[in-house]
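Student: Provided below: upload14.cif, containing mmCIF, C-alpha atoms and all ligand atoms.
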```cif
data_query
#
loop_
_atom_site.label_atom_id
_atom_site.label_comp_id
_atom_site.auth_asym_id
_atom_site.auth_seq_id
_atom_site.Cartn_x
_atom_site.Cartn_y
_atom_site.Cartn_z
CA MET V 1 -9.27 15.92 5.84
CA HIS V 2 -7.15 12.97 6.78
CA ARG V 3 -6.39 11.12 9.96
CA HIS V 4 -3.03 11.04 11.67
CA ARG V 5 -0.34 9.89 9.23
CA PHE V 6 2.78 7.94 10.06
CA GLU V 7 5.81 10.20 10.38
CA ALA V 8 8.99 9.68 8.36
CA LYS V 9 11.20 10.00 11.44
CA HIS V 10 9.85 6.61 12.62
CA HIS V 11 10.59 4.84 9.32
CA LYS V 12 12.88 2.23 10.91
CA ARG V 13 9.86 0.72 12.69
CA LEU V 14 8.52 -0.33 9.28
CA ASP V 15 11.54 -2.49 8.57
CA SER V 16 12.10 -4.59 11.68
CA ALA V 17 13.43 -8.14 11.66
CA TYR V 18 10.13 -9.27 13.24
CA ARG V 19 8.08 -7.67 10.46
CA ARG V 20 10.29 -9.28 7.82
CA ARG V 21 9.73 -12.64 9.49
CA ILE V 22 5.93 -12.48 9.81
CA LEU V 23 5.29 -10.45 6.65
CA PRO V 24 8.05 -11.34 4.15
CA PRO V 25 7.49 -8.72 1.46
CA SER V 26 8.56 -10.53 -1.70
CA THR V 27 6.82 -13.81 -0.77
CA THR V 28 3.64 -11.95 0.21
CA LEU V 29 3.50 -10.02 -3.08
CA LYS V 30 4.02 -13.18 -5.15
CA ARG V 31 1.46 -15.07 -3.07
CA PHE V 32 -1.12 -12.42 -3.96
CA GLY V 33 -0.37 -12.38 -7.67
CA LEU V 34 2.34 -9.81 -8.44
CA LYS V 35 4.18 -10.92 -11.58
CA ARG V 36 6.93 -9.90 -13.94
CA GLU V 37 6.13 -7.04 -16.37
CA MET V 38 3.17 -5.74 -14.36
CA THR V 39 2.95 -1.98 -13.79
CA VAL V 40 2.80 -1.65 -10.02
CA ALA V 41 1.96 1.28 -7.72
CA ASP V 42 2.58 1.26 -3.99
CA ILE V 43 0.38 3.93 -2.41
CA GLY V 44 2.00 5.15 0.79
CA SER V 45 5.20 3.36 -0.09
CA GLY V 46 6.99 4.68 3.00
CA SER V 47 10.59 3.50 3.18
CA GLY V 48 9.97 0.95 0.42
CA TYR V 49 9.26 -2.18 2.43
CA PHE V 50 6.99 -3.53 -0.32
CA LEU V 51 7.97 -1.16 -3.11
CA ILE V 52 11.59 -2.27 -3.49
CA PRO V 53 10.80 -6.01 -3.74
CA ALA V 54 7.83 -5.15 -5.99
CA ALA V 55 10.11 -3.25 -8.38
CA ARG V 56 12.42 -6.29 -8.53
CA ILE V 57 9.56 -8.73 -9.16
CA VAL V 58 8.10 -6.72 -12.07
CA GLY V 59 11.57 -6.24 -13.54
CA LYS V 60 13.39 -3.38 -15.21
CA GLY V 61 11.01 -3.25 -18.19
CA ALA V 62 8.03 -2.28 -16.01
CA VAL V 63 7.36 0.81 -13.92
CA ALA V 64 7.03 0.69 -10.12
CA TYR V 65 5.41 3.88 -8.79
CA ALA V 66 6.30 4.86 -5.22
CA VAL V 67 3.50 7.20 -4.16
CA ASP V 68 3.69 9.04 -0.87
CA ALA V 69 2.18 12.16 0.69
CA SER V 70 5.38 12.75 2.68
CA LYS V 71 8.38 14.26 0.91
CA ASP V 72 10.51 13.17 3.85
CA MET V 73 9.42 9.55 3.34
CA LEU V 74 10.19 9.75 -0.40
CA ALA V 75 13.64 11.10 0.53
CA VAL V 76 14.20 8.10 2.85
CA LEU V 77 13.28 5.79 -0.04
CA GLY V 78 15.48 7.71 -2.49
CA LYS V 79 18.49 7.23 -0.19
CA ARG V 80 17.98 3.45 -0.24
CA ASN V 81 19.04 3.37 -3.88
CA PRO V 82 15.84 1.87 -5.28
CA PRO V 83 15.94 -0.11 -8.57
CA SER V 84 16.02 2.01 -11.75
CA ASN V 85 12.38 1.24 -12.67
CA VAL V 86 11.11 3.05 -9.55
CA VAL V 87 9.33 6.37 -10.19
CA LEU V 88 8.76 8.58 -7.14
CA VAL V 89 5.36 10.32 -7.06
CA HIS V 90 4.59 12.95 -4.44
CA THR V 91 0.91 13.51 -3.74
CA THR V 92 0.21 16.77 -1.92
CA ASP V 93 -3.13 15.89 -0.33
CA GLY V 94 -3.01 12.10 -0.63
CA TYR V 95 -6.16 11.89 -2.75
CA GLY V 96 -4.78 12.69 -6.19
CA PHE V 97 -1.99 10.59 -7.68
CA GLU V 98 -0.19 11.86 -10.78
CA ILE V 99 -0.64 8.56 -12.55
CA GLU V 100 -2.72 8.03 -15.68
CA SER V 101 -6.22 6.54 -15.34
CA ASN V 102 -6.55 2.79 -16.15
CA SER V 103 -2.79 2.31 -16.34
CA VAL V 104 -1.75 0.14 -13.36
CA ASP V 105 -1.93 -3.69 -13.11
CA TYR V 106 -1.28 -4.04 -9.40
CA VAL V 107 -1.78 -1.59 -6.52
CA ILE V 108 -0.38 -2.09 -3.03
CA ALA V 109 -1.93 -0.25 -0.06
CA SER V 110 -0.17 -1.46 3.07
CA ALA V 111 -0.73 0.01 6.53
CA ILE V 112 -2.29 3.14 5.07
CA LEU V 113 -6.06 2.84 4.68
CA HIS V 114 -6.75 3.74 8.30
CA GLU V 115 -4.77 6.99 7.81
CA ASN V 116 -7.25 8.29 5.22
CA GLU V 117 -10.90 8.82 4.36
CA PRO V 118 -11.29 5.29 3.00
CA VAL V 119 -13.85 5.83 0.22
CA ARG V 120 -12.23 8.97 -1.19
CA PHE V 121 -8.86 7.23 -1.08
CA LEU V 122 -10.12 3.97 -2.64
CA LYS V 123 -11.91 5.82 -5.45
CA GLU V 124 -8.61 7.43 -6.47
CA ILE V 125 -6.93 4.02 -6.39
CA ARG V 126 -9.73 2.63 -8.56
CA ARG V 127 -9.16 5.41 -11.10
CA ILE V 128 -5.57 4.31 -11.81
CA MET V 129 -6.42 0.58 -11.96
CA LYS V 130 -6.71 -1.19 -15.31
CA PRO V 131 -10.04 -3.08 -15.72
CA LYS V 132 -8.55 -6.37 -14.48
CA ALA V 133 -6.06 -4.91 -12.02
CA THR V 134 -5.46 -6.26 -8.53
CA LEU V 135 -5.50 -4.19 -5.34
CA LEU V 136 -3.70 -5.68 -2.36
CA ILE V 137 -4.63 -4.15 1.00
CA ILE V 138 -2.61 -5.11 4.06
CA ASP V 139 -3.53 -3.68 7.41
CA TRP V 140 -3.27 -4.13 11.15
CA ARG V 141 -5.72 -6.43 12.86
CA LYS V 142 -7.76 -4.84 15.61
CA GLU V 143 -6.78 -7.67 17.96
CA SER V 144 -3.03 -7.10 17.97
CA LEU V 145 -2.06 -4.23 20.20
CA ARG V 146 1.71 -4.27 20.13
CA TYR V 147 3.02 -1.52 17.84
CA GLY V 148 0.94 0.00 15.08
CA PRO V 149 -1.84 2.60 15.31
CA PRO V 150 -4.30 2.96 18.23
CA ILE V 151 -7.08 0.38 18.22
CA GLU V 152 -9.83 2.93 17.53
CA GLU V 153 -8.13 3.92 14.24
CA ARG V 154 -7.86 0.36 12.93
CA LEU V 155 -10.32 -1.09 10.44
CA THR V 156 -11.69 -4.63 10.51
CA PRO V 157 -11.77 -6.68 7.29
CA ALA V 158 -15.59 -6.32 7.34
CA GLU V 159 -15.29 -2.51 7.46
CA VAL V 160 -12.74 -2.56 4.62
CA LYS V 161 -15.06 -4.73 2.50
CA ALA V 162 -17.89 -2.24 3.04
CA PHE V 163 -15.65 0.69 2.02
CA LEU V 164 -14.54 -1.26 -1.08
CA ALA V 165 -18.16 -1.82 -2.10
CA LYS V 166 -18.89 1.91 -1.75
CA SER V 167 -15.89 2.59 -4.02
CA ARG V 168 -17.07 0.21 -6.78
CA LEU V 169 -14.41 -2.35 -5.86
CA LYS V 170 -15.07 -5.88 -4.65
CA ALA V 171 -13.06 -8.02 -2.26
CA THR V 172 -12.15 -11.35 -3.85
CA LYS V 173 -10.06 -12.70 -1.00
CA ALA V 174 -9.57 -11.93 2.71
CA VAL V 175 -6.86 -13.70 4.69
CA ILE V 176 -5.62 -13.39 8.27
CA LEU V 177 -1.86 -13.48 7.67
CA ASN V 178 -0.51 -13.64 11.22
CA PRO V 179 -1.21 -12.19 14.68
CA ARG V 180 -0.66 -8.65 13.41
CA TYR V 181 -1.85 -8.31 9.84
CA TYR V 182 -4.62 -9.29 7.42
CA ALA V 183 -4.69 -9.06 3.63
CA ILE V 184 -7.60 -8.27 1.34
CA VAL V 185 -7.42 -8.64 -2.43
CA ALA V 186 -9.85 -6.56 -4.48
CA LYS V 187 -10.80 -6.04 -8.11
CA LYS V 188 -12.96 -3.52 -9.95
CA ALA V 189 -16.63 -4.41 -9.38
C1 LIG P 1 2.51 3.37 8.21
S1 LIG P 1 3.38 3.89 6.77
C2 LIG P 1 3.37 2.37 5.80
C3 LIG P 1 4.45 2.35 4.73
C4 LIG P 1 4.46 1.10 3.84
N1 LIG P 1 3.24 0.98 3.05
C5 LIG P 1 4.70 -0.16 4.64
O1 LIG P 1 3.80 -1.00 4.76
O2 LIG P 1 5.82 -0.31 5.16
C6 LIG P 1 2.17 4.87 5.89
C7 LIG P 1 2.77 5.69 4.75
O3 LIG P 1 1.71 6.13 3.92
C8 LIG P 1 1.86 7.52 3.63
N2 LIG P 1 0.51 8.02 3.35
C9 LIG P 1 -0.54 8.07 4.19
N3 LIG P 1 -1.66 8.46 3.53
C10 LIG P 1 -1.28 8.65 2.23
C11 LIG P 1 -1.98 9.01 1.05
N4 LIG P 1 -3.27 9.29 1.07
N5 LIG P 1 -1.31 9.07 -0.12
C12 LIG P 1 0.01 8.79 -0.14
N6 LIG P 1 0.74 8.44 0.93
C13 LIG P 1 0.09 8.36 2.11
C14 LIG P 1 2.58 8.10 4.84
O4 LIG P 1 3.26 9.28 4.49
C15 LIG P 1 3.53 6.94 5.17
O5 LIG P 1 4.73 7.01 4.44
#
```
Represent the structure of the file as structure tokens.

Tutor:
Amino acid sequence: MHRHRFEAKHHKRLDSAYRRRILPPSTTLKRFGLKREMTVADIGSGSGYFLIPAARIVGKGAVAYAVDASKDMLAVLGKRNPPSNVVLVHTTDGYGFEIESNSVDYVIASAILHENEPVRFLKEIRRIMKPKATLLIIDWRKESLRYGPPIEERLTPAEVKAFLAKSRLKATKAVILNPRYYAIVAKKA
């Protein structure tokens, strides 16, 4: 079971000039600790808004996994000519990623948690994380109603923290980024 997922035909909405201004992808990833040579996985990478800058930050010697449940979305990303260290991973049900356990330094989960059963989804993310790995969650605030998913589908930072705890992950940082988005950084508990 999963909730309504974002459709590939709307992918341009994910890459607006406004979003780039309030949520600059490269700056945001560096601010929350993404560094050269890290193995990175973007779960629900969509059109590559975070994935493409992430692949550049980690550099050609490190793998950047683009994981998505939508083949159409992976095709959109493929057409954008992603850097050569990007590996596309299709997940059929969204709860099993073909990535080795304990192998990833940095996981990105942006605008995706609310589309899934949070604990099942977070447990699969935890499986691929190395012991000291970082998980960066970015999601829509419940307050901001322009664009994004319906308010009843959105999760508050407090709800996300509770789901993290149930998934044996702990939030180490929670930041309101701007009128639309918040960020939560988590580690293995
Ligand atoms: C709203 S888009 C966000 C895309 C990107 N993370 C961003 O911030 O621009 C959500 C994406 O996550 C994908 N998705 C949703 N649930 C997923 C899951 N459990 N596993 C993999 N991909 C998933 C959807 O197919 C879609 O491409």

Student: Which residues come within 12 Å of Ala66 in chain V, counting all atoms listed in the file, excluding same-chain residues fewer than 6 positions away, as a compact mmCIF listing (two decimals) with C-alpha atoms, keeping the file's coordinate frame?

Tutor:
```txt
# COMPACT_ATOMS: atom_id res chain seq x y z
CA THR V 39 2.95 -1.98 -13.79
CA VAL V 40 2.80 -1.65 -10.02
CA ALA V 41 1.96 1.28 -7.72
CA ASP V 42 2.58 1.26 -3.99
CA ILE V 43 0.38 3.93 -2.41
CA GLY V 44 2.00 5.15 0.79
CA SER V 45 5.20 3.36 -0.09
CA GLY V 46 6.99 4.68 3.00
CA SER V 47 10.59 3.50 3.18
CA GLY V 48 9.97 0.95 0.42
CA TYR V 49 9.26 -2.18 2.43
CA PHE V 50 6.99 -3.53 -0.32
CA LEU V 51 7.97 -1.16 -3.11
CA ILE V 52 11.59 -2.27 -3.49
CA PRO V 53 10.80 -6.01 -3.74
CA ALA V 54 7.83 -5.15 -5.99
CA ALA V 55 10.11 -3.25 -8.38
CA MET V 73 9.42 9.55 3.34
CA LEU V 74 10.19 9.75 -0.40
CA ALA V 75 13.64 11.10 0.53
CA VAL V 76 14.20 8.10 2.85
CA LEU V 77 13.28 5.79 -0.04
CA GLY V 78 15.48 7.71 -2.49
CA PRO V 82 15.84 1.87 -5.28
CA PRO V 83 15.94 -0.11 -8.57
CA ASN V 85 12.38 1.24 -12.67
CA VAL V 86 11.11 3.05 -9.55
CA VAL V 87 9.33 6.37 -10.19
CA LEU V 88 8.76 8.58 -7.14
CA VAL V 89 5.36 10.32 -7.06
CA HIS V 90 4.59 12.95 -4.44
CA THR V 91 0.91 13.51 -3.74
CA PHE V 97 -1.99 10.59 -7.68
CA GLU V 98 -0.19 11.86 -10.78
CA ILE V 99 -0.64 8.56 -12.55
CA VAL V 107 -1.78 -1.59 -6.52
CA ILE V 108 -0.38 -2.09 -3.03
CA ALA V 109 -1.93 -0.25 -0.06
```

Student: Quick one: distance from CA of Leu122 in chain V to CA of Gly61 in chain V in Å, one decimal?

Tutor: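 We find that CA of Leu122 in chain V and CA of Gly61 in chain V lie 27.2 Å from each other.
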
Student: I need the residue nearest Ile184 in chain V from this list: V:Val160, V:Pro149, V:Arg168, V:Gly94. Use all atoms listed in the file for the distance.

Tutor: V:Val160

Student: Of the residues V:Val67, V:Ala171, V:Ala183, V:Ala162, which is the one nearest to ligand LIG 1 (chain P), using all atoms listed in the file?

Tutor: V:Val67

Student: Env of Asn116 in chain V: 12 Å cut, atoms = only C-alpha atoms, seq-sep filter 5 positions within chain, self excluded. Answer as a ChimeraX atom specification.

Tutor: /V:1-6,43-44,69,93-95,109,111,121-124,153-155,163

Student: Tell me which of V:Arg80, V:Lys35, V:Arg141, V:Lys132 sits closest to Lys170 in chain V, counting all atoms listed in the file.

Tutor: V:Lys132

Student: From the options V:Lys166, V:Glu115, V:Glu143, V:Tyr181, which residue's atoms come nearest to Pro24 in chain V, counting all atoms listed in the file?

Tutor: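 Of V:Lys166, V:Glu115, V:Glu143, V:Tyr181, the one nearest Pro24 in chain V, counting all atoms listed in the file, is V:Tyr181.
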
Student: Kindly indicate which residue among V:Arg31, V:Arg36, V:His114, V:Arg127 lies nearest to ligand LIG 1 (chain P), using all atoms listed in the file for the distances.

Tutor: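 Using all atoms listed in the file, ligand LIG 1 (chain P) sits closest to V:His114.
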
Student: Do you have, as CSV, the list of residues of range 29-142 of chain V lying at most 10 Å from range 174-177 of chain V, each with its nearest atom pair and that distance in Å to one decimal, counting all atoms listed in the file and ordered by chain then number?

Tutor:
```
residue,atom,partner,partner_atom,distance
V:Leu136,CA,V:Ala174,CA,10.0
V:Ile137,CA,V:Ala174,CA,9.4
V:Ile138,CA,V:Leu177,CA,9.1
V:Asp139,CA,V:Leu177,CA,9.9
V:Trp140,CA,V:Ile176,CA,10.0
V:Arg141,CA,V:Ile176,CA,8.3
```

Student: How many Å lie between CA of Ile128 in chain V and CA of His11 in chain V, rounded to one decimal?

Tutor: 26.6 Å

Student: Counting only C-alpha atoms, figure out which residue out of V:Lys71, V:Lys79, V:Arg180, V:Lys130 gets nearest to Arg19 in chain V.

Tutor: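 Closest candidate: V:Arg180.
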
Student: Report, in Å to a single decimal, how far apart CA of Asn102 in chain V and CA of Arg120 in chain V are.

Tutor: 17.2 Å
